[in-house]
Amino acid sequence: MKIHSALRKRRGTPCRTDSMRPRFRPGLARHAARLCCIAGTAWLAGCGSGGDDATPTGQTGTTAATPQPTAAAQNAALIAAGKEIFRFDTFGDETFWSDTLRMHEVIPAAVDPATALSVGLKVDADALPAAVVDGIRNGSVGLKRPDTTVTLLKLNAVVGLRGKVETINGKDTLTRVGVTCALCHSTVDNSFAPGIGKRLDGWANRDLNPGAIIALSPALSVTMKAVYNSWGKGKYDPRFNLDGKNGPQVIPPAYGLANVHRITSTGDGEEVAYWNRYVAVTQMGGHGSFVEPRTGVSVTNGSDDLVSLKLPALQAYQLSLASPAPPPGSFDPSAAERGKLIFNGAGRCVTCHSGPDFTDANLRLHPPSEVVSEPEPNGAPSYASRSATRQYRTAPLRGLWQHPPYFHNGTAPTLEAVAETYNSRQELGLTPQEIADLAQYLKSL
Ligand code: HEC
Ligand code: HEC
């Protein structure tokens, strides 16, 4: 019982974080134990049994004679820990979202739930107690009242936002707010109402307008607000705050990456954890460091590190997220069969979109001259030119039906438009029927 004995040893002693260095492929048990330590056993599903372990009366209590947990069990604990981090961890980024951007002042003043839903924020129906559900249904919990947003934050029901709500003068008051990965990379299934339902982790929130949300901050200049407001729904520029160039990127899914070792549209990192560190520190404002000599980016927030130790679990969770299958009836199977022949034949798609994940990313990247999605719209500079690799990764084709628009800059609104773009840019000479069939095949992936 490596996890449990590690926990026992640590019990009563403060967690040691100073000597811990980020490692991408660490021993699972070591990291699970460390995570339990930093997170506190209460909130970490995978650590619950660790608590039981120390209690002789615990139903699931283990003894010295109990066999070691399998690698699968350890991985399951790591994934469970990663899920909590993905959904709920701010890495201390309240320093940015509250102290700098003062979003905790804006929300209670101006953001009622109807407004929040209109900028694409989602509400986790499972976090709502029955009384609140009834209140929303019968109108007594007003979706036009900013204090309802504070109530939802207190319930931890707004996907990707963490609020600290304290009672001040007898009133629930939002004193801090931060963001989590789920803000951009989770949505909900709308099962309760539009924008309210069960969480779908890894699904890009293409309704979210992160620029419009950031632009609400009273701390920004008019010029900065104009840039943020120019991005629009489902897009975010994860380099603007560092290089000052404006070229928003489509928020991609965080699922279907298990075997892909080039991360982001430019393949900047070989593991998800590379980019997770980048975003957590340089974009979300989490406490920790990110250094990349290839782009000259070097950012350190705070004097503590609230990111490194969480990366292995966070990565394990994302790698566990499979692409969603196309809904029944969403494509024409016989047209898709014909489209597959085009994909592998006259379309030459398979020359880059090869293998089970439909990408050659693990072997090579492609210069912008080979890619049909440049030049960028609105005169923006080449996104590749702003990246560490200066090239593009052949996009793995995963759950394509789920996440229009396509290409890193969202220039193809539909899969028909993708097929049409390849046909004209690469002079494939496909007939309209062949283009339509190819699009049906893409919808089936
Ligand atoms: C404000 C919105 C936003 C937040 C918050 C955010 N991301 Fe992203 N994420 C993006 C955008 C935009 C990209 C595309 C970057 C690119 O391709 O250059 C991206 C890319 C990624 C990718 C690469 C996907 C691929 O196909 O290779 C992963 C994985 C990812 N994010 C995970 C995370 C995790 C984990 C967190 C929390 C630590 C996070 N993101 C927070 C917007 C966001
Ligand atoms: C030279 C290599 C190459 C060839 C050939 C190629 N692709 Fe691509 N494909 C890429 C790259 C690189 C990207 C990522 C471009 C971007 O993000 O802007 C991409 C992106 C895509 C996307 C968007 C995925 C997303 O998540 O947004 C689709 C769909 C696609 N290709 C389908 C096709 C089809 C269909 C063909 C054949 C007609 C084809 N590709 C041929 C390299 C290629």
# chains A, B, ... in the order shown; residues from 1 in each chain; ligands from 1
>>> residues_near_ligand(ligand="ligand 2", cutoff="8 Å", atoms="only C-alpha atoms and all ligand atoms", output="JSON, numbers by chain")
{"A": [252, 265, 266, 342, 343, 347, 348, 349, 350, 351, 352, 353, 359, 365, 366, 368, 370, 371, 372, 373, 374, 392, 393, 394, 395, 396, 397, 398, 400, 403, 404, 405, 406, 407, 408, 409, 410, 415, 418, 419, 422, 423, 428, 438, 439, 442]}
>>> residues_around(residues="Asn362 (chain A)", least_positions_apart="6", cutoff="8 Å", atoms="only C-alpha atoms", output="mmCIF file with C-alpha atoms, in the first residue's frame")
data_model
loop_
_atom_site.group_PDB
_atom_site.id
_atom_site.type_symbol
_atom_site.label_atom_id
_atom_site.label_comp_id
_atom_site.auth_asym_id
_atom_site.auth_seq_id
_atom_site.Cartn_x
_atom_site.Cartn_y
_atom_site.Cartn_z
ATOM 1 C CA VAL A 260 -0.845 12.527 -29.131
ATOM 2 C CA HIS A 261 2.553 13.830 -28.117
ATOM 3 C CA ARG A 262 2.440 17.251 -29.683
#
>>> residues_around(residues="region 143-159 of chain A", least_positions_apart="2", cutoff="8 Å", atoms="only C-alpha atoms", output="PyMOL selection string")
chain A and resi 87+107-115+121-128+136+139+141+161-165+172-174+182-183+186-187+199
>>> residues_around(residues="region 212-218 of chain A", least_positions_apart="3", cutoff="10 Å", atoms="only C-alpha atoms", output="PyMOL selection string")
chain A and resi 97-98+100-107+110-111+116+119-121+208-209+221-222+224-233
>>> residues_near_ligand(ligand="ligand 1", cutoff="8 Å", atoms="only C-alpha atoms and all ligand atoms", output="mmCIF file with C-alpha atoms, in the first residue's frame")
data_model
loop_
_atom_site.group_PDB
_atom_site.id
_atom_site.type_symbol
_atom_site.label_atom_id
_atom_site.label_comp_id
_atom_site.auth_asym_id
_atom_site.auth_seq_id
_atom_site.Cartn_x
_atom_site.Cartn_y
_atom_site.Cartn_z
ATOM 1 C CA PHE A 86 -9.489 20.347 -13.619
ATOM 2 C CA GLY A 160 -14.970 27.160 -14.173
ATOM 3 C CA VAL A 179 -11.007 30.597 -12.624
ATOM 4 C CA THR A 180 -10.316 26.921 -13.332
ATOM 5 C CA CYS A 181 -9.527 24.879 -16.460
ATOM 6 C CA ALA A 182 -13.218 23.967 -16.723
ATOM 7 C CA LEU A 183 -14.061 27.565 -17.650
ATOM 8 C CA CYS A 184 -12.935 27.014 -21.241
ATOM 9 C CA HIS A 185 -12.698 23.221 -21.495
ATOM 10 C CA PRO A 210 -13.698 34.922 -22.455
ATOM 11 C CA LYS A 235 -12.106 32.142 -28.887
ATOM 12 C CA TYR A 236 -9.230 33.238 -26.743
ATOM 13 C CA ASP A 237 -5.718 34.419 -27.501
ATOM 14 C CA PRO A 238 -3.371 32.587 -25.137
ATOM 15 C CA PRO A 248 -7.612 34.740 -31.115
ATOM 16 C CA GLN A 249 -7.615 30.941 -31.186
ATOM 17 C CA VAL A 250 -10.558 28.602 -31.165
ATOM 18 C CA ILE A 251 -10.845 26.941 -27.751
ATOM 19 C CA PRO A 252 -10.009 23.285 -28.545
ATOM 20 C CA PRO A 253 -11.359 20.163 -26.890
ATOM 21 C CA ALA A 254 -9.212 18.686 -24.114
ATOM 22 C CA TYR A 255 -10.318 15.121 -24.906
ATOM 23 C CA LEU A 257 -5.288 13.292 -26.612
ATOM 24 C CA VAL A 260 -0.845 12.527 -29.131
ATOM 25 C CA ARG A 262 2.440 17.251 -29.683
ATOM 26 C CA ILE A 263 0.214 19.579 -27.753
ATOM 27 C CA THR A 264 -1.617 22.683 -29.047
ATOM 28 C CA SER A 265 -2.198 23.563 -32.680
ATOM 29 C CA THR A 266 1.503 24.377 -33.030
ATOM 30 C CA GLY A 267 2.707 21.295 -31.138
ATOM 31 C CA ASP A 268 4.582 23.408 -28.601
ATOM 32 C CA VAL A 272 -0.361 17.918 -22.048
ATOM 33 C CA ALA A 273 1.397 18.918 -18.814
ATOM 34 C CA TRP A 275 0.744 23.405 -21.872
ATOM 35 C CA ASN A 276 -1.169 23.003 -18.619
ATOM 36 C CA ARG A 277 1.730 24.658 -16.817
ATOM 37 C CA TYR A 278 1.800 27.390 -19.472
ATOM 38 C CA VAL A 279 -1.913 28.174 -19.150
ATOM 39 C CA ALA A 280 -2.121 27.808 -15.380
ATOM 40 C CA GLN A 283 -2.917 32.840 -18.614
ATOM 41 C CA MET A 284 -4.904 31.970 -15.512
ATOM 42 C CA LEU A 314 -4.253 16.953 -14.186
ATOM 43 C CA GLN A 315 -2.609 15.310 -17.172
ATOM 44 C CA GLN A 318 -7.222 14.769 -19.514
ATOM 45 C CA TYR A 383 -0.143 32.140 -35.240
ATOM 46 C CA SER A 387 4.655 29.878 -31.137
ATOM 47 C CA ALA A 395 -4.951 18.311 -35.993
ATOM 48 C CA PRO A 396 -5.980 14.929 -34.562
ATOM 49 C CA HIS A 408 -6.808 26.995 -35.162
#
>>> atom_distance(atom1="CA of Ala193 (chain A)", atom2="CA of Leu117 (chain A)")
10.7 Å
>>> closest_residue(among="A:Thr431, A:Ser385, A:Thr411, A:Asn205", to="Thr295 (chain A)", atoms="only C-alpha atoms")
A:Ser385
>>> residues_around(residues="Phe91 (chain A)", least_positions_apart="2", cutoff="7 Å", atoms="only C-alpha atoms", output="list of chain:residue names")
A:Asp89, A:Asp93, A:Gly286, A:His287, A:Leu306, A:Val307
>>> select_by_dssp(residues="region 142-364 of chain A", states="helix (DSSP H, G or I)", output="number ranges by chain")
A: 146-154, 182-185, 210-214, 222-229, 240-243, 272-283, 308-319, 333-344, 349-351
>>> write_last_selection(atoms="C-alpha atoms", output="mmCIF file, in the first residue's frame")
data_model
loop_
_atom_site.group_PDB
_atom_site.id
_atom_site.type_symbol
_atom_site.label_atom_id
_atom_site.label_comp_id
_atom_site.auth_asym_id
_atom_site.auth_seq_id
_atom_site.Cartn_x
_atom_site.Cartn_y
_atom_site.Cartn_z
ATOM 1 C CA PRO A 146 -26.829 39.582 -9.495
ATOM 2 C CA ASP A 147 -27.128 38.231 -5.944
ATOM 3 C CA THR A 148 -28.371 34.964 -7.464
ATOM 4 C CA THR A 149 -24.984 34.719 -9.197
ATOM 5 C CA VAL A 150 -23.351 35.070 -5.783
ATOM 6 C CA THR A 151 -25.619 32.279 -4.498
ATOM 7 C CA LEU A 152 -24.587 30.060 -7.425
ATOM 8 C CA LEU A 153 -20.911 30.790 -6.732
ATOM 9 C CA LYS A 154 -21.427 29.962 -3.073
ATOM 10 C CA ALA A 182 -13.218 23.967 -16.723
ATOM 11 C CA LEU A 183 -14.061 27.565 -17.650
ATOM 12 C CA CYS A 184 -12.935 27.014 -21.241
ATOM 13 C CA HIS A 185 -12.698 23.221 -21.495
ATOM 14 C CA PRO A 210 -13.698 34.922 -22.455
ATOM 15 C CA GLY A 211 -12.715 38.255 -23.992
ATOM 16 C CA ALA A 212 -16.067 39.846 -23.140
ATOM 17 C CA ILE A 213 -15.769 38.511 -19.576
ATOM 18 C CA ILE A 214 -12.245 39.881 -19.092
ATOM 19 C CA VAL A 222 -10.179 51.305 -23.151
ATOM 20 C CA THR A 223 -7.631 50.019 -25.695
ATOM 21 C CA MET A 224 -7.216 46.717 -23.873
ATOM 22 C CA LYS A 225 -10.973 46.297 -23.511
ATOM 23 C CA ALA A 226 -11.354 46.817 -27.272
ATOM 24 C CA VAL A 227 -8.903 43.983 -27.968
ATOM 25 C CA TYR A 228 -10.636 41.605 -25.546
ATOM 26 C CA ASN A 229 -14.049 42.493 -26.963
ATOM 27 C CA PHE A 240 -1.758 38.245 -26.403
ATOM 28 C CA ASN A 241 -0.792 39.169 -22.863
ATOM 29 C CA LEU A 242 2.801 38.111 -23.592
ATOM 30 C CA ASP A 243 3.529 39.232 -27.164
ATOM 31 C CA VAL A 272 -0.361 17.918 -22.048
ATOM 32 C CA ALA A 273 1.397 18.918 -18.814
ATOM 33 C CA TYR A 274 3.668 21.316 -20.695
ATOM 34 C CA TRP A 275 0.744 23.405 -21.872
ATOM 35 C CA ASN A 276 -1.169 23.003 -18.619
ATOM 36 C CA ARG A 277 1.730 24.658 -16.817
ATOM 37 C CA TYR A 278 1.800 27.390 -19.472
ATOM 38 C CA VAL A 279 -1.913 28.174 -19.150
ATOM 39 C CA ALA A 280 -2.121 27.808 -15.380
ATOM 40 C CA VAL A 281 0.747 30.251 -14.837
ATOM 41 C CA THR A 282 0.802 32.657 -17.782
ATOM 42 C CA GLN A 283 -2.917 32.840 -18.614
ATOM 43 C CA SER A 308 3.809 21.803 -10.382
ATOM 44 C CA LEU A 309 2.579 19.128 -8.010
ATOM 45 C CA LYS A 310 -0.829 19.026 -9.615
ATOM 46 C CA LEU A 311 0.359 18.524 -13.187
ATOM 47 C CA PRO A 312 0.656 14.710 -13.212
ATOM 48 C CA ALA A 313 -2.904 14.213 -11.938
ATOM 49 C CA LEU A 314 -4.253 16.953 -14.186
ATOM 50 C CA GLN A 315 -2.609 15.310 -17.172
ATOM 51 C CA ALA A 316 -3.841 11.832 -16.213
ATOM 52 C CA TYR A 317 -7.398 13.154 -16.087
ATOM 53 C CA GLN A 318 -7.222 14.769 -19.514
ATOM 54 C CA LEU A 319 -5.665 11.659 -21.048
ATOM 55 C CA PRO A 333 -23.377 6.235 -43.150
ATOM 56 C CA SER A 334 -23.235 5.363 -46.841
ATOM 57 C CA ALA A 335 -22.040 8.845 -47.813
ATOM 58 C CA ALA A 336 -19.436 8.552 -45.033
ATOM 59 C CA GLU A 337 -18.245 5.242 -46.512
ATOM 60 C CA ARG A 338 -17.733 6.946 -49.859
ATOM 61 C CA GLY A 339 -16.100 9.917 -48.124
ATOM 62 C CA LYS A 340 -13.605 7.593 -46.464
ATOM 63 C CA LEU A 341 -12.393 6.500 -49.887
ATOM 64 C CA ILE A 342 -11.853 10.164 -50.844
ATOM 65 C CA PHE A 343 -10.041 10.807 -47.549
ATOM 66 C CA ASN A 344 -7.649 7.957 -48.218
ATOM 67 C CA CYS A 349 -5.909 13.633 -46.431
ATOM 68 C CA VAL A 350 -4.310 10.477 -45.055
ATOM 69 C CA THR A 351 -0.847 11.691 -46.016
#
>>> decode(residues="region 209-234 of chain A", atoms="N, CA and C atoms", output="PDB file, in the first residue's frame")
ATOM      1  N   ASN A 209     -17.490  33.486 -24.035  1.00  0.00           N
ATOM      2  CA  ASN A 209     -16.830  34.652 -24.612  1.00  0.00           C
ATOM      3  C   ASN A 209     -15.826  35.190 -23.585  1.00  0.00           C
ATOM      4  N   PRO A 210     -14.652  34.554 -23.519  1.00  0.00           N
ATOM      5  CA  PRO A 210     -13.698  34.922 -22.455  1.00  0.00           C
ATOM      6  C   PRO A 210     -13.261  36.392 -22.561  1.00  0.00           C
ATOM      7  N   GLY A 211     -13.131  36.870 -23.808  1.00  0.00           N
ATOM      8  CA  GLY A 211     -12.715  38.255 -23.992  1.00  0.00           C
ATOM      9  C   GLY A 211     -13.727  39.224 -23.395  1.00  0.00           C
ATOM     10  N   ALA A 212     -15.019  38.966 -23.669  1.00  0.00           N
ATOM     11  CA  ALA A 212     -16.067  39.846 -23.140  1.00  0.00           C
ATOM     12  C   ALA A 212     -16.084  39.797 -21.613  1.00  0.00           C
ATOM     13  N   ILE A 213     -15.785  38.634 -21.048  1.00  0.00           N
ATOM     14  CA  ILE A 213     -15.769  38.511 -19.576  1.00  0.00           C
ATOM     15  C   ILE A 213     -14.603  39.326 -19.015  1.00  0.00           C
ATOM     16  N   ILE A 214     -13.413  39.150 -19.592  1.00  0.00           N
ATOM     17  CA  ILE A 214     -12.245  39.881 -19.092  1.00  0.00           C
ATOM     18  C   ILE A 214     -12.461  41.393 -19.250  1.00  0.00           C
ATOM     19  N   ALA A 215     -13.114  41.762 -20.371  1.00  0.00           N
ATOM     20  CA  ALA A 215     -13.316  43.198 -20.648  1.00  0.00           C
ATOM     21  C   ALA A 215     -14.239  43.874 -19.626  1.00  0.00           C
ATOM     22  N   LEU A 216     -14.933  43.068 -18.811  1.00  0.00           N
ATOM     23  CA  LEU A 216     -15.768  43.665 -17.755  1.00  0.00           C
ATOM     24  C   LEU A 216     -14.914  44.274 -16.641  1.00  0.00           C
ATOM     25  N   SER A 217     -13.653  43.911 -16.599  1.00  0.00           N
ATOM     26  CA  SER A 217     -12.803  44.371 -15.496  1.00  0.00           C
ATOM     27  C   SER A 217     -12.637  45.884 -15.517  1.00  0.00           C
ATOM     28  N   PRO A 218     -12.816  46.526 -14.353  1.00  0.00           N
ATOM     29  CA  PRO A 218     -12.634  47.977 -14.290  1.00  0.00           C
ATOM     30  C   PRO A 218     -11.157  48.370 -14.338  1.00  0.00           C
ATOM     31  N   ALA A 219     -10.265  47.371 -14.284  1.00  0.00           N
ATOM     32  CA  ALA A 219      -8.835  47.687 -14.189  1.00  0.00           C
ATOM     33  C   ALA A 219      -8.185  47.861 -15.561  1.00  0.00           C
ATOM     34  N   LEU A 220      -8.947  47.629 -16.646  1.00  0.00           N
ATOM     35  CA  LEU A 220      -8.331  47.652 -17.978  1.00  0.00           C
ATOM     36  C   LEU A 220      -8.563  48.973 -18.693  1.00  0.00           C
ATOM     37  N   SER A 221      -7.603  49.343 -19.537  1.00  0.00           N
ATOM     38  CA  SER A 221      -7.734  50.560 -20.342  1.00  0.00           C
ATOM     39  C   SER A 221      -8.751  50.318 -21.452  1.00  0.00           C
ATOM     40  N   VAL A 222      -9.223  51.399 -22.048  1.00  0.00           N
ATOM     41  CA  VAL A 222     -10.179  51.305 -23.151  1.00  0.00           C
ATOM     42  C   VAL A 222      -9.576  50.512 -24.314  1.00  0.00           C
ATOM     43  N   THR A 223      -8.303  50.724 -24.589  1.00  0.00           N
ATOM     44  CA  THR A 223      -7.631  50.019 -25.695  1.00  0.00           C
ATOM     45  C   THR A 223      -7.608  48.518 -25.433  1.00  0.00           C
ATOM     46  N   MET A 224      -7.255  48.142 -24.218  1.00  0.00           N
ATOM     47  CA  MET A 224      -7.216  46.717 -23.873  1.00  0.00           C
ATOM     48  C   MET A 224      -8.611  46.109 -23.969  1.00  0.00           C
ATOM     49  N   LYS A 225      -9.601  46.824 -23.449  1.00  0.00           N
ATOM     50  CA  LYS A 225     -10.973  46.297 -23.511  1.00  0.00           C
ATOM     51  C   LYS A 225     -11.387  46.056 -24.958  1.00  0.00           C
ATOM     52  N   ALA A 226     -10.979  46.963 -25.851  1.00  0.00           N
ATOM     53  CA  ALA A 226     -11.354  46.817 -27.272  1.00  0.00           C
ATOM     54  C   ALA A 226     -10.755  45.532 -27.842  1.00  0.00           C
ATOM     55  N   VAL A 227      -9.517  45.224 -27.482  1.00  0.00           N
ATOM     56  CA  VAL A 227      -8.903  43.983 -27.968  1.00  0.00           C
ATOM     57  C   VAL A 227      -9.685  42.776 -27.433  1.00  0.00           C
ATOM     58  N   TYR A 228      -9.927  42.756 -26.126  1.00  0.00           N
ATOM     59  CA  TYR A 228     -10.636  41.605 -25.546  1.00  0.00           C
ATOM     60  C   TYR A 228     -12.026  41.445 -26.163  1.00  0.00           C
ATOM     61  N   ASN A 229     -12.700  42.576 -26.391  1.00  0.00           N
ATOM     62  CA  ASN A 229     -14.049  42.493 -26.963  1.00  0.00           C
ATOM     63  C   ASN A 229     -14.036  42.071 -28.427  1.00  0.00           C
ATOM     64  N   SER A 230     -12.877  42.130 -29.078  1.00  0.00           N
ATOM     65  CA  SER A 230     -12.823  41.773 -30.501  1.00  0.00           C
ATOM     66  C   SER A 230     -12.765  40.251 -30.714  1.00  0.00           C
ATOM     67  N   TRP A 231     -12.537  39.482 -29.664  1.00  0.00           N
ATOM     68  CA  TRP A 231     -12.310  38.048 -29.863  1.00  0.00           C
ATOM     69  C   TRP A 231     -13.556  37.267 -30.234  1.00  0.00           C
ATOM     70  N   GLY A 232     -14.640  37.511 -29.502  1.00  0.00           N
ATOM     71  CA  GLY A 232     -15.886  36.807 -29.791  1.00  0.00           C
ATOM     72  C   GLY A 232     -15.989  35.446 -29.120  1.00  0.00           C
ATOM     73  N   LYS A 233     -17.145  34.835 -29.355  1.00  0.00           N
ATOM     74  CA  LYS A 233     -17.497  33.558 -28.712  1.00  0.00           C
ATOM     75  C   LYS A 233     -16.538  32.430 -29.063  1.00  0.00           C
ATOM     76  N   GLY A 234     -16.203  31.621 -28.079  1.00  0.00           N
ATOM     77  CA  GLY A 234     -15.439  30.396 -28.345  1.00  0.00           C
ATOM     78  C   GLY A 234     -13.979  30.618 -28.686  1.00  0.00           C
TER      79      GLY A 234
END
